[in-house]
>>> print(open('target_12.cif').read())   # mmCIF, C-alpha atoms
data_data
loop_
_atom_site.label_atom_id
_atom_site.label_comp_id
_atom_site.auth_asym_id
_atom_site.auth_seq_id
_atom_site.Cartn_x
_atom_site.Cartn_y
_atom_site.Cartn_z
CA MET M 29 -5.30 18.67 -22.53
CA SER M 30 -8.76 19.75 -23.61
CA CYS M 31 -9.89 19.65 -27.25
CA ILE M 32 -10.05 23.45 -27.17
CA GLU M 33 -6.30 23.82 -27.59
CA GLN M 34 -6.51 21.87 -30.85
CA MET M 35 -9.29 24.07 -32.25
CA LYS M 36 -8.85 27.28 -34.21
CA TYR M 37 -9.00 30.00 -31.55
CA LYS M 38 -8.17 33.65 -31.00
CA LEU M 39 -6.79 35.08 -27.74
CA TYR M 40 -8.11 38.44 -26.55
CA LEU M 41 -6.38 38.41 -23.14
CA GLU M 42 -3.49 36.29 -21.88
CA ARG M 43 -2.14 35.30 -18.45
CA THR M 44 -4.37 37.59 -16.45
CA SER M 45 -6.73 37.21 -13.46
CA PHE M 46 -10.14 35.60 -13.69
CA LYS M 47 -11.85 38.84 -12.62
CA GLU M 48 -10.13 40.88 -15.35
CA SER M 49 -11.12 38.28 -17.92
CA ARG M 50 -14.76 38.34 -16.83
CA ASP M 51 -14.76 42.17 -16.99
CA TYR M 52 -13.28 42.02 -20.49
CA ILE M 53 -15.99 39.64 -21.72
CA GLU M 54 -18.74 41.75 -20.13
CA LYS M 55 -17.46 44.96 -21.72
CA ASN M 56 -16.53 43.64 -25.15
CA SER M 57 -19.34 41.29 -26.14
CA ASP M 58 -22.59 41.96 -28.00
CA GLU M 59 -24.43 39.47 -25.75
CA VAL M 60 -23.38 38.14 -22.32
CA TYR M 61 -24.61 34.91 -20.71
CA TYR M 62 -23.78 33.53 -17.28
CA VAL M 63 -23.14 29.89 -16.49
CA GLU M 64 -22.07 27.87 -13.47
CA PRO M 65 -18.59 26.26 -13.11
CA GLY M 66 -18.52 22.91 -14.89
CA TYR M 67 -20.70 24.07 -17.82
CA LYS M 68 -19.60 21.94 -20.77
CA LEU M 69 -18.27 23.70 -23.85
CA PHE M 70 -17.45 21.97 -27.11
CA LYS M 71 -16.54 18.30 -26.77
CA ASP M 72 -14.80 18.05 -23.43
CA TYR M 73 -14.12 21.40 -21.79
CA TYR M 74 -15.76 21.85 -18.40
CA ILE M 75 -15.43 25.53 -17.68
CA ILE M 76 -13.33 26.56 -14.68
CA GLY M 77 -14.13 29.77 -12.85
CA VAL M 78 -15.55 31.80 -10.02
CA PRO M 79 -19.35 31.87 -10.40
CA PRO M 80 -21.13 33.43 -12.17
CA ILE M 81 -18.97 32.81 -15.23
CA ALA M 82 -19.53 35.19 -18.14
CA LEU M 83 -19.63 33.90 -21.70
CA GLY M 84 -19.82 36.43 -24.51
CA VAL M 85 -21.06 36.45 -28.07
CA LYS M 86 -19.27 38.81 -30.44
CA SER M 87 -20.45 38.49 -34.02
CA LYS M 88 -19.81 34.80 -34.85
CA GLU M 89 -17.42 34.24 -31.95
CA LEU M 90 -18.00 32.75 -28.53
CA LEU M 91 -15.79 34.44 -25.92
CA PHE M 92 -14.96 32.47 -22.79
CA THR M 93 -12.40 32.19 -20.00
CA TYR M 94 -9.79 29.44 -20.08
CA VAL M 95 -7.77 28.87 -16.90
CA LYS M 96 -4.43 27.09 -16.72
CA PRO M 97 -2.95 26.51 -13.24
CA CYS M 98 0.54 27.72 -14.16
CA HIS M 99 -0.36 30.46 -16.64
CA GLY M 100 -3.45 32.22 -15.30
CA THR M 101 -6.63 33.05 -17.17
CA PHE M 102 -7.02 33.64 -20.91
CA VAL M 103 -9.96 35.09 -22.83
CA MET M 104 -10.39 32.80 -25.82
CA ALA M 105 -12.69 33.12 -28.80
CA ILE M 106 -13.86 30.34 -31.09
CA GLU M 107 -16.37 30.64 -33.92
CA SER M 108 -19.23 28.27 -33.17
CA ALA M 109 -22.81 28.88 -34.22
CA GLU M 110 -23.81 25.67 -32.43
CA GLU M 111 -22.44 26.66 -29.00
CA ILE M 112 -23.88 30.18 -29.33
CA GLN M 113 -27.30 28.78 -30.16
CA ARG M 114 -27.10 26.39 -27.20
CA LEU M 115 -26.47 29.37 -24.88
CA ARG M 116 -29.37 31.35 -26.34
CA ASP M 117 -31.69 28.36 -25.94
CA LYS M 118 -30.56 27.86 -22.36
CA GLU M 119 -31.25 31.53 -21.59
CA GLN M 120 -34.72 31.29 -23.12
CA GLU M 121 -35.53 28.27 -20.94
CA LYS M 122 -34.35 30.23 -17.88
CA VAL M 123 -36.55 33.22 -18.79
CA LYS M 124 -39.57 30.94 -19.30
CA ALA M 125 -38.94 29.28 -15.93
CA SER M 126 -38.62 32.64 -14.16
CA LEU M 127 -41.82 33.93 -15.83
CA LYS M 128 -43.70 30.91 -14.47
CA LYS M 129 -42.39 31.65 -10.99
CA THR M 130 -43.35 35.33 -11.30
CA SER M 131 -46.92 34.58 -12.36
CA LYS M 132 -47.30 32.18 -9.42
CA SER M 133 -45.99 34.73 -6.94
CA MET M 134 -48.30 37.40 -8.44
CA GLU M 135 -51.28 35.14 -7.77
CA ALA M 136 -50.18 34.76 -4.20
CA THR M 137 -49.73 38.49 -3.56
CA PRO M 138 -52.87 40.17 -2.15
CA ALA M 139 -54.10 43.12 -4.22
CA SER M 140 -55.47 45.14 -1.30
CA PHE M 141 -55.51 45.32 2.49
CA GLN M 142 -59.09 44.00 2.42
CA GLU M 143 -57.95 40.91 0.60
CA LEU M 144 -55.12 40.55 3.06
CA TRP M 145 -57.59 40.85 5.94
CA LYS M 146 -59.81 38.10 4.41
CA LYS M 147 -56.85 35.73 4.46
CA MET E 20 -17.38 1.16 12.00
CA ASP E 21 -16.17 4.72 11.35
CA LYS E 22 -16.94 6.22 7.97
CA ILE E 23 -13.92 6.49 5.66
CA ASN E 24 -13.39 10.04 4.42
CA ARG E 25 -12.70 10.41 0.73
CA SER E 26 -10.18 13.24 0.66
CA LEU E 27 -8.93 15.12 -2.37
CA ILE E 28 -5.68 17.05 -2.33
CA MET E 29 -5.75 19.46 -5.25
CA MET E 30 -2.35 20.82 -6.23
CA GLY E 31 -1.84 24.21 -7.82
CA CYS E 32 1.02 25.20 -10.09
CA PRO E 33 4.11 23.46 -8.67
CA GLU E 34 6.49 26.44 -8.96
CA VAL E 35 6.53 27.26 -5.22
CA PRO E 36 8.81 24.76 -3.41
CA VAL E 37 6.75 24.24 -0.24
CA GLN E 38 3.80 22.75 -2.10
CA MET E 39 5.27 19.32 -2.89
CA SER E 40 6.58 18.62 0.61
CA LEU E 41 3.28 19.68 2.17
CA VAL E 42 1.20 17.64 -0.28
CA LEU E 43 3.23 14.51 0.60
CA TYR E 44 3.04 15.40 4.31
CA LEU E 45 -0.75 15.93 4.23
CA SER E 46 -1.38 12.86 2.08
CA ASN E 47 0.56 10.72 4.57
CA LYS E 48 -1.21 12.33 7.54
CA LEU E 49 -4.68 11.77 6.08
CA SER E 50 -3.89 8.20 4.98
CA LYS E 51 -2.64 7.35 8.48
CA ALA E 52 -5.90 8.72 9.86
CA GLY E 53 -7.76 6.25 7.61
CA ASP E 54 -8.79 8.56 4.74
CA ASP E 55 -8.99 7.37 1.15
CA VAL E 56 -6.74 10.02 -0.43
CA THR E 57 -6.53 11.12 -4.05
CA VAL E 58 -4.00 13.71 -5.23
CA ALA E 59 -4.94 15.73 -8.30
CA GLY E 60 -2.75 18.09 -10.28
CA THR E 61 -1.36 19.10 -13.62
CA ASP E 62 0.87 16.71 -15.53
CA ALA E 63 4.00 18.48 -14.23
CA ALA E 64 2.80 18.51 -10.61
CA LEU E 65 1.97 14.77 -10.75
CA LYS E 66 5.40 14.00 -12.23
CA LEU E 67 7.05 15.89 -9.37
CA LEU E 68 4.95 13.91 -6.91
CA LYS E 69 5.83 10.54 -8.45
CA VAL E 70 9.55 11.34 -8.66
CA SER E 71 9.55 12.57 -5.04
CA ASP E 72 7.98 9.33 -3.78
CA PRO E 73 8.84 6.61 -6.33
CA ASP E 74 7.62 3.73 -4.14
CA GLU E 75 4.37 5.56 -3.39
CA HIS E 76 4.71 5.40 0.38
CA TYR E 77 2.92 8.71 0.93
CA PHE E 78 0.26 8.70 -1.78
CA LYS E 79 -1.77 5.99 -3.48
CA LYS E 80 -4.16 7.50 -6.03
CA THR E 81 -3.50 10.34 -8.46
CA MET E 82 -5.62 12.08 -11.07
CA ASP E 83 -5.29 14.76 -13.70
CA ILE E 84 -6.90 17.91 -12.30
CA ASP E 85 -9.12 18.63 -15.32
CA GLN E 86 -10.25 15.00 -15.53
CA CYS E 87 -11.09 15.19 -11.82
CA ILE E 88 -13.32 18.23 -12.43
CA ALA E 89 -14.96 16.55 -15.43
CA ASP E 90 -15.68 13.39 -13.39
CA ILE E 91 -17.21 15.38 -10.52
CA VAL E 92 -19.44 17.34 -12.93
CA GLU E 93 -20.49 14.06 -14.58
CA LYS E 94 -21.20 12.68 -11.06
CA LYS E 95 -18.78 9.76 -11.51
CA ILE E 96 -16.87 10.65 -8.34
CA ASP E 97 -17.00 13.03 -5.38
CA PHE E 98 -15.18 13.64 -2.12
CA ASP E 99 -15.95 14.43 1.51
CA ARG E 100 -13.03 16.82 1.95
CA CYS E 101 -11.00 18.85 -0.53
CA PHE E 102 -7.68 20.50 0.32
CA ALA E 103 -7.03 23.03 -2.43
CA PHE E 104 -3.41 24.23 -2.54
CA MET E 105 -3.00 27.66 -4.10
CA HIS E 106 -0.60 30.56 -4.39
CA SER E 107 -2.12 32.42 -7.35
CA ASP E 108 -5.37 33.64 -8.86
CA ALA E 109 -5.52 30.53 -11.07
CA GLY E 110 -5.27 28.24 -8.04
CA MET E 111 -8.04 30.19 -6.31
CA THR E 112 -10.18 29.91 -9.46
CA TYR E 113 -9.80 26.12 -9.53
CA ALA E 114 -10.74 25.96 -5.84
CA ALA E 115 -13.84 28.14 -6.44
CA THR E 116 -14.84 25.73 -9.21
CA MET E 117 -14.42 22.75 -6.90
CA SER E 118 -16.48 24.50 -4.23
CA ALA E 119 -19.31 25.01 -6.75
CA ILE E 120 -19.40 21.50 -8.23
CA SER E 121 -18.50 19.23 -5.30
CA LYS E 122 -20.18 18.41 -2.00
CA ALA E 123 -16.78 18.26 -0.28
CA LYS E 124 -15.94 20.42 2.72
CA MET E 125 -13.37 22.86 1.38
CA TYR E 126 -9.99 23.73 2.91
CA ALA E 127 -8.04 26.47 1.13
CA VAL E 128 -4.30 25.96 1.74
CA VAL E 129 -2.76 29.28 0.70
CA PHE E 130 0.99 29.92 0.56
CA GLY E 131 3.64 31.87 -1.37
CA ASN E 132 4.72 35.52 -1.27
CA ASN E 133 1.19 36.79 -1.92
CA ALA E 134 -0.57 34.36 0.42
CA GLU E 135 -2.60 37.00 2.26
CA ALA E 136 -3.72 38.80 -0.91
CA VAL E 137 -4.76 35.51 -2.53
CA ALA E 138 -6.61 34.47 0.64
CA GLU E 139 -8.58 37.73 0.59
CA THR E 140 -9.98 36.92 -2.85
CA ILE E 141 -11.58 33.68 -1.60
CA ASP E 142 -15.31 34.32 -1.39
CA PHE E 143 -16.60 30.75 -1.34
CA PRO E 144 -17.14 28.74 1.87
CA ALA E 145 -13.79 27.28 2.91
CA GLU E 146 -11.63 26.89 5.97
CA LYS E 147 -8.56 28.97 5.19
CA ILE E 148 -5.07 27.75 6.13
CA VAL E 149 -2.76 30.62 5.22
CA ALA E 150 0.99 31.23 5.66
CA LYS E 151 3.51 33.28 3.72
CA ALA E 152 5.63 30.19 3.07
CA VAL E 153 7.84 29.82 -0.01
CA HIS E 154 10.92 27.75 0.88
CA ASN E 155 10.23 26.87 4.50
CA PRO E 156 7.21 24.56 4.88
CA ILE E 157 7.13 24.62 8.70
CA PRO E 158 4.77 27.62 9.26
CA LEU E 159 2.16 26.10 6.94
CA LYS E 160 2.75 22.57 8.29
CA ASN E 161 2.05 23.85 11.80
CA LYS E 162 -1.17 25.50 10.66
CA ILE E 163 -2.28 22.31 8.87
CA ASP E 164 -1.59 20.36 12.07
CA ARG E 165 -3.79 22.76 14.04
CA VAL E 166 -6.71 22.24 11.65
CA ILE E 167 -6.22 18.51 10.95
CA ALA E 168 -5.37 17.06 14.34
#
>>> encode(input="target_12.cif", output="C-alpha cells")
Amino acid sequence: MSCIEQMKYKLYLERTSFKESRDYIEKNSDEVYYVEPGYKLFKDYYIIGVPPIALGVKSKELLFTYVKPCHGTFVMAIESAEEIQRLRDKEQEKVKASLKKTSKSMEATPASFQELWKK
Amino acid sequence: MDKINRSLIMMGCPEVPVQMSLVLYLSNKLSKAGDDVTVAGTDAALKLLKVSDPDEHYFKKTMDIDQCIADIVEKKIDFDRCFAFMHSDAGMTYAATMSAISKAKMYAVVFGNNAEAVAETIDFPAEKIVAKAVHNPIPLKNKIDRVIA
C-alpha cells in the first residue's frame, strides 16, 4: 500500500476508467501538466497510467489519477505546495529545453531560396 | 549457451476464475522452457497463487505489483518479456504503464466477458492474446500455446 492512502485526501471521481479520470482532471483544473508513467509523487507513489498522464492543480490541491487493479481509477486530490512547485519547475525546464531546440532549428532553416541554393 | 529470458507474469484483479489457472499454466510452461519467471500481483492475487500451489511447483518468484513497478522505474530490475493479464480498464492501465517503463516485449493476455472491448483500448505495442473466457480456460490456453510454442 502506498503512503498516499495514509495521507489526507479528497476523492473527486471513484471507480471509473482511466480516460474518464484524465478528462475530469483536464476539464476541472486551473493548470494541467503531463507526466510519463512512473513519475514519482510524494514519498513512494509511482504513478500508473496510459501516457500522457494528466496532473492538475486546483487552488492548493494537486489532482491525480490513482489506479487500483480491482477497483478502477480514482481522481484524488491532496494539498501539497511542494509537489505543485516541483511540477511547475519541471514544466519550466521543459520549456527552456524546447526553446533551445527551436532556436537551433531556426538557425538551420534557410531564409530564402538563394540561401538554399548556396547550400 | 542460450540466453535465459527473464519473464514477468503480471496478474490483474483475480475476480475472473480463468486467470489463476492460466497464470500457473503459463508460469510452468515458461519455466520448463528455461525462463526465469516472476509472478507479480496484488496481495489477494498472490495469496490465491500461493494457496493454489502450496509447494511452489509451478512458480518460484513472486512480487507485489506496485513494488515491481517501483523497482523497474528505479532501474533495480527489468524483464525481457511481460505477460500482462487483464479483463478491465485498470488491468489495461497497468499494462500500458509497464509498456512505458520497461524494455520487455509485451504480451497482452485479455479475457473475461468484455475481452474484445478491453483489447480494443490497447494502444501500446503488444502482442494481443484475446479470448472471451470466464470459467473455461481452454480457449485462452490454446491461444497462449499458439503464441508461446
>>> interface_residues(input="target_12.cif", of="chain M", to="chain E", cutoff="9 Å", atoms="all atoms listed in the file", output="ChimeraX atom specification")
/M:29-30,44-46,64-68,72-79,95-101
>>> write_last_selection(input="target_12.cif", atoms="C-alpha atoms", output="compact mmCIF listing (two decimals), in the frame of the given file")
# COMPACT_ATOMS: atom_id res chain seq x y z
CA MET M 29 -5.30 18.67 -22.53
CA SER M 30 -8.76 19.75 -23.61
CA THR M 44 -4.37 37.59 -16.45
CA SER M 45 -6.73 37.21 -13.46
CA PHE M 46 -10.14 35.60 -13.69
CA GLU M 64 -22.07 27.87 -13.47
CA PRO M 65 -18.59 26.26 -13.11
CA GLY M 66 -18.52 22.91 -14.89
CA TYR M 67 -20.70 24.07 -17.82
CA LYS M 68 -19.60 21.94 -20.77
CA ASP M 72 -14.80 18.05 -23.43
CA TYR M 73 -14.12 21.40 -21.79
CA TYR M 74 -15.76 21.85 -18.40
CA ILE M 75 -15.43 25.53 -17.68
CA ILE M 76 -13.33 26.56 -14.68
CA GLY M 77 -14.13 29.77 -12.85
CA VAL M 78 -15.55 31.80 -10.02
CA PRO M 79 -19.35 31.87 -10.40
CA VAL M 95 -7.77 28.87 -16.90
CA LYS M 96 -4.43 27.09 -16.72
CA PRO M 97 -2.95 26.51 -13.24
CA CYS M 98 0.54 27.72 -14.16
CA HIS M 99 -0.36 30.46 -16.64
CA GLY M 100 -3.45 32.22 -15.30
CA THR M 101 -6.63 33.05 -17.17
>>> closest_residue(input="target_12.cif", among="E:Ile167, E:Asn155, E:Leu27, E:Pro73", to="Ile96 in chain E", atoms="only C-alpha atoms")
E:Leu27
>>> atom_distance(input="target_12.cif", atom1="CA of Ala127 in chain E", atom2="CA of Glu139 in chain E")
11.3 Å
>>> atom_distance(input="target_12.cif", atom1="CA of Leu65 in chain E", atom2="CA of Thr81 in chain E")
7.4 Å
>>> resolve_selection(input="target_12.cif", expression="the PyMOL selection byres ((chain E and resi 43) around 9)", output="ChimeraX atom specification")
/E:38-42,44-48,68,71-72,77-78
>>> residues_around(input="target_12.cif", residues="Lys38 in chain M", least_positions_apart="5", cutoff="7 Å", atoms="all atoms listed in the file", output="mmCIF file with C-alpha atoms, keeping the file's coordinate frame")
data_model
loop_
_atom_site.group_PDB
_atom_site.id
_atom_site.type_symbol
_atom_site.label_atom_id
_atom_site.label_comp_id
_atom_site.auth_asym_id
_atom_site.auth_seq_id
_atom_site.Cartn_x
_atom_site.Cartn_y
_atom_site.Cartn_z
ATOM 1 C CA MET M 104 -10.390 32.800 -25.820
ATOM 2 C CA ALA M 105 -12.690 33.120 -28.800
ATOM 3 C CA ILE M 106 -13.860 30.340 -31.090
#
>>> residues_around(input="target_12.cif", residues="Lys86 in chain M", least_positions_apart="5", cutoff="9 Å", atoms="all atoms listed in the file", output="NGL selection string")
:M and (56-59 or 91 or 105)
>>> atom_distance(input="target_12.cif", atom1="CA of Gly131 in chain E", atom2="CA of Arg100 in chain E")
22.7 Å
>>> resolve_selection(input="target_12.cif", expression="the PyMOL selection byres ((chain E and resi 26) around 9)", output="PyMOL selection string")
chain E and resi 24-25+27-28+46+49+54-58+98-102+123
>>> residues_near_point(input="target_12.cif", point="(8.3, 24.7, 3.6)", cutoff="8 Å", atoms="only C-alpha atoms", output="PyMOL selection string")
chain E and resi 36-38+40-41+152-160
>>> resolve_selection(input="target_12.cif", expression="the PyMOL selection byres ((chain M and resi 116) around 12)", output="list in words")
Glu59, Val60, Tyr61, Tyr62, Val63, Leu83, Gly84, Val85, Leu90, Ala109, Glu110, Glu111, Ile112, Gln113, Arg114, Leu115, Asp117, Lys118, Glu119, Gln120, Glu121, Lys122 and Val123 of chain M
>>> write_last_selection(input="target_12.cif", atoms="C-alpha atoms", output="JSON list (two decimals), keeping the file's coordinate frame")
[["chain", "number", "residue", "atom", "x", "y", "z"],
["M", 59, "GLU", "CA", -24.43, 39.47, -25.75],
["M", 60, "VAL", "CA", -23.38, 38.14, -22.32],
["M", 61, "TYR", "CA", -24.61, 34.91, -20.71],
["M", 62, "TYR", "CA", -23.78, 33.53, -17.28],
["M", 63, "VAL", "CA", -23.14, 29.89, -16.49],
["M", 83, "LEU", "CA", -19.63, 33.90, -21.70],
["M", 84, "GLY", "CA", -19.82, 36.43, -24.51],
["M", 85, "VAL", "CA", -21.06, 36.45, -28.07],
["M", 90, "LEU", "CA", -18.00, 32.75, -28.53],
["M", 109, "ALA", "CA", -22.81, 28.88, -34.22],
["M", 110, "GLU", "CA", -23.81, 25.67, -32.43],
["M", 111, "GLU", "CA", -22.44, 26.66, -29.00],
["M", 112, "ILE", "CA", -23.88, 30.18, -29.33],
["M", 113, "GLN", "CA", -27.30, 28.78, -30.16],
["M", 114, "ARG", "CA", -27.10, 26.39, -27.20],
["M", 115, "LEU", "CA", -26.47, 29.37, -24.88],
["M", 117, "ASP", "CA", -31.69, 28.36, -25.94],
["M", 118, "LYS", "CA", -30.56, 27.86, -22.36],
["M", 119, "GLU", "CA", -31.25, 31.53, -21.59],
["M", 120, "GLN", "CA", -34.72, 31.29, -23.12],
["M", 121, "GLU", "CA", -35.53, 28.27, -20.94],
["M", 122, "LYS", "CA", -34.35, 30.23, -17.88],
["M", 123, "VAL", "CA", -36.55, 33.22, -18.79]]
>>> build_atoms(input="target_12.cif", residues="range 106-128 of chain E", atoms="N, CA and C atoms", output="compact mmCIF listing (two decimals), keeping the file's coordinate frame")
# COMPACT_ATOMS: atom_id res chain seq x y z
N HIS E 106 -1.45 29.40 -4.67
CA HIS E 106 -0.60 30.56 -4.39
C HIS E 106 -0.84 31.65 -5.43
N SER E 107 -1.87 31.45 -6.27
CA SER E 107 -2.12 32.42 -7.35
C SER E 107 -3.62 32.51 -7.62
N ASP E 108 -3.96 33.46 -8.46
CA ASP E 108 -5.37 33.64 -8.86
C ASP E 108 -5.90 32.38 -9.55
N ALA E 109 -5.06 31.73 -10.36
CA ALA E 109 -5.52 30.53 -11.07
C ALA E 109 -5.85 29.41 -10.08
N GLY E 110 -5.02 29.25 -9.07
CA GLY E 110 -5.27 28.24 -8.04
C GLY E 110 -6.57 28.52 -7.31
N MET E 111 -6.79 29.81 -6.99
CA MET E 111 -8.04 30.19 -6.31
C MET E 111 -9.25 29.90 -7.21
N THR E 112 -9.08 30.14 -8.51
CA THR E 112 -10.18 29.91 -9.46
C THR E 112 -10.53 28.42 -9.54
N TYR E 113 -9.53 27.57 -9.54
CA TYR E 113 -9.80 26.12 -9.53
C TYR E 113 -10.54 25.73 -8.25
N ALA E 114 -10.10 26.30 -7.12
CA ALA E 114 -10.74 25.96 -5.84
C ALA E 114 -12.20 26.43 -5.82
N ALA E 115 -12.46 27.61 -6.39
CA ALA E 115 -13.84 28.14 -6.44
C ALA E 115 -14.71 27.21 -7.28
N THR E 116 -14.12 26.68 -8.36
CA THR E 116 -14.84 25.73 -9.21
C THR E 116 -15.20 24.48 -8.41
N MET E 117 -14.20 23.96 -7.70
CA MET E 117 -14.42 22.75 -6.90
C MET E 117 -15.52 22.99 -5.87
N SER E 118 -15.47 24.17 -5.25
CA SER E 118 -16.48 24.50 -4.23
C SER E 118 -17.89 24.50 -4.84
N ALA E 119 -17.99 24.93 -6.10
CA ALA E 119 -19.31 25.01 -6.75
C ALA E 119 -19.82 23.65 -7.23
N ILE E 120 -18.93 22.75 -7.61
CA ILE E 120 -19.40 21.50 -8.23
C ILE E 120 -19.40 20.30 -7.28
N SER E 121 -18.65 20.39 -6.17
CA SER E 121 -18.50 19.23 -5.30
C SER E 121 -19.21 19.44 -3.96
N LYS E 122 -19.56 18.32 -3.33
CA LYS E 122 -20.18 18.41 -2.00
C LYS E 122 -19.12 18.46 -0.90
N ALA E 123 -17.86 18.36 -1.27
CA ALA E 123 -16.78 18.26 -0.28
C ALA E 123 -16.67 19.50 0.60
N LYS E 124 -16.27 19.28 1.86
CA LYS E 124 -15.94 20.42 2.72
C LYS E 124 -14.61 20.96 2.21
N MET E 125 -14.56 22.28 2.00
CA MET E 125 -13.37 22.86 1.38
C MET E 125 -12.37 23.40 2.40
N TYR E 126 -11.10 23.13 2.15
CA TYR E 126 -9.99 23.73 2.91
C TYR E 126 -9.11 24.43 1.88
N ALA E 127 -8.90 25.73 2.06
CA ALA E 127 -8.04 26.47 1.13
C ALA E 127 -6.66 26.59 1.77
N VAL E 128 -5.67 25.91 1.20
CA VAL E 128 -4.30 25.96 1.74
C VAL E 128 -3.54 26.98 0.90
